[in-house]
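Asker: Dumping the structure here so I can ask a few things about it.
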Amino acid sequence: MEKILYNSDKLGKVKRVSASFTWGGGGLVDEAWIEGGNGRTDPNQQPMGMLGDSGHYPISACLWAFNWQLPTKVCATYTKFNSVGAIIECEAVMWFKDGGRAVIDTSCLLPHRSQFEVVCEKGVLKVNDLVGGQGRSGNFSEAYDHPFVGSKSYVLGDYLGRDEVVEVEQCDHVQKLVEQFSNDVQVIKEGGKANQEWSKRSIMTHTVMCSIFESAMRDGRDVKLLVVDDATTRYEIGVDTYIYTDMPSRKWT
């Protein structure tokens, strides 16, 4: 997929991305769970609630689609809190340079959805099973008790709306990442350079998640992200400017 998005002109420039990870609806979790009975819904254990637990999946999918480019601005357009103050639903928009934009949502009140769609100038790329579900079979015991091979295909659509299902080799995503990480550690042990992509992608995902959280806690205020000369990120919220160590600001009242 990266070859198609980054190294060919098949789809053209990425213009818009939408990504979701929701689950818990239909009675999968009960009222006590929703109202703080789980670490995800207890702000003392997970300050960002479902955004912190499940939101990083769609956030990272959007950043991946834009080839790990930091957005210029984010805004939480919808946030729902439980009775103890944890985020249990969140929807947000990210803006990127040159007109790029992305929309994410996460929730413990909606049916299982773990998908993303990348809309480009000349077509679309879609994955319908990003997290669990074994290819949207609903079989989560298979997904979590055995190697995950749900994403064995993706969809390419052209500008006329004609879709093609592209089959790919099944693999366990986690195992592949562990193998890559182990290889990169071995390179360091042998005197080579560290692969900076690990820290870059982790920090960028958390930076965007913190920005969305800040917006959610401020009733949907825009949060602008600026990279200054020393490569650090600054956050602008109205007339106030913050640095990474200031976030979350907790100046929400």
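Naming works like this for the structure tokens: A, B, ... for the chains as they're shown, residue 1 at the start of each chain, ligands 1 onward in shown order.
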What's the 12 Å shell around Gly85 of chain A, counting only C-alpha atoms, without same-chain residues fewer than 2 positions away, as a PyMOL selection string?
Answerer: chain A and resi 34-36+40-50+79-83+87-89+216-217
Asker: Applying 12 Å and only C-alpha atoms, which residues near segment 232-238 of chain A remain after dropping the ones on its own chain fewer than 5 positions away? List them as number ranges by chain.
Answerer: A: 70-75, 200, 203-204, 206-208, 210-212, 214-215, 218, 220-227, 243-249, 251-252
Asker: Report, in Å to a single decimal, how far apart atom CA of Asp163 of chain A and atom CA of Val14 of chain A are.
Answerer: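 For atom CA of Val14 of chain A relative to atom CA of Asp163 of chain A, the distance reads 17.6 Å.
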Asker: Based on DSSP run over this structure's backbone, return all residues of segment 8-183 of chain A in alpha helix (DSSP H), as an NGL selection string.
Answerer: :A and (31-32 or 49-54 or 56-65 or 140-145 or 173-183)
Asker: What does the structure give for the distance between atom CA of Ser8 of chain A and atom CA of Val155 of chain A, in Å to one decimal?
Answerer: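 Rounded to one decimal, the two atoms are 16.6 Å apart.
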Asker: Go through A:Val239, A:Val103, A:Ala32, A:Ala61 and flag the residue nearest Asp129 of chain A, using only C-alpha atoms for the distances.
Answerer: A:Ala61
Asker: Please determine, counting only C-alpha atoms, which residue among A:Asp184, A:Asp229, A:Glu91, A:Glu117 has the shortest atom-to-atom distance to Tyr154 of chain A.
Answerer: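 That would be A:Glu117, the residue with the smallest distance to Tyr154 of chain A.
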Asker: So, with only C-alpha atoms as the atoms that count, which of A:Val93, A:Val185, A:Leu11, A:Val178 lies closest to Leu125 of chain A?
Answerer: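 So, comparing all the options, the nearest one is A:Leu11.
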Asker: Show which residues sit within 10 Å of Gly24 of chain A, as a ChimeraX atom specification. Count only C-alpha atoms, and ignore same-chain residues fewer than 6 positions away.
Answerer: /A:30,33-34,107-112
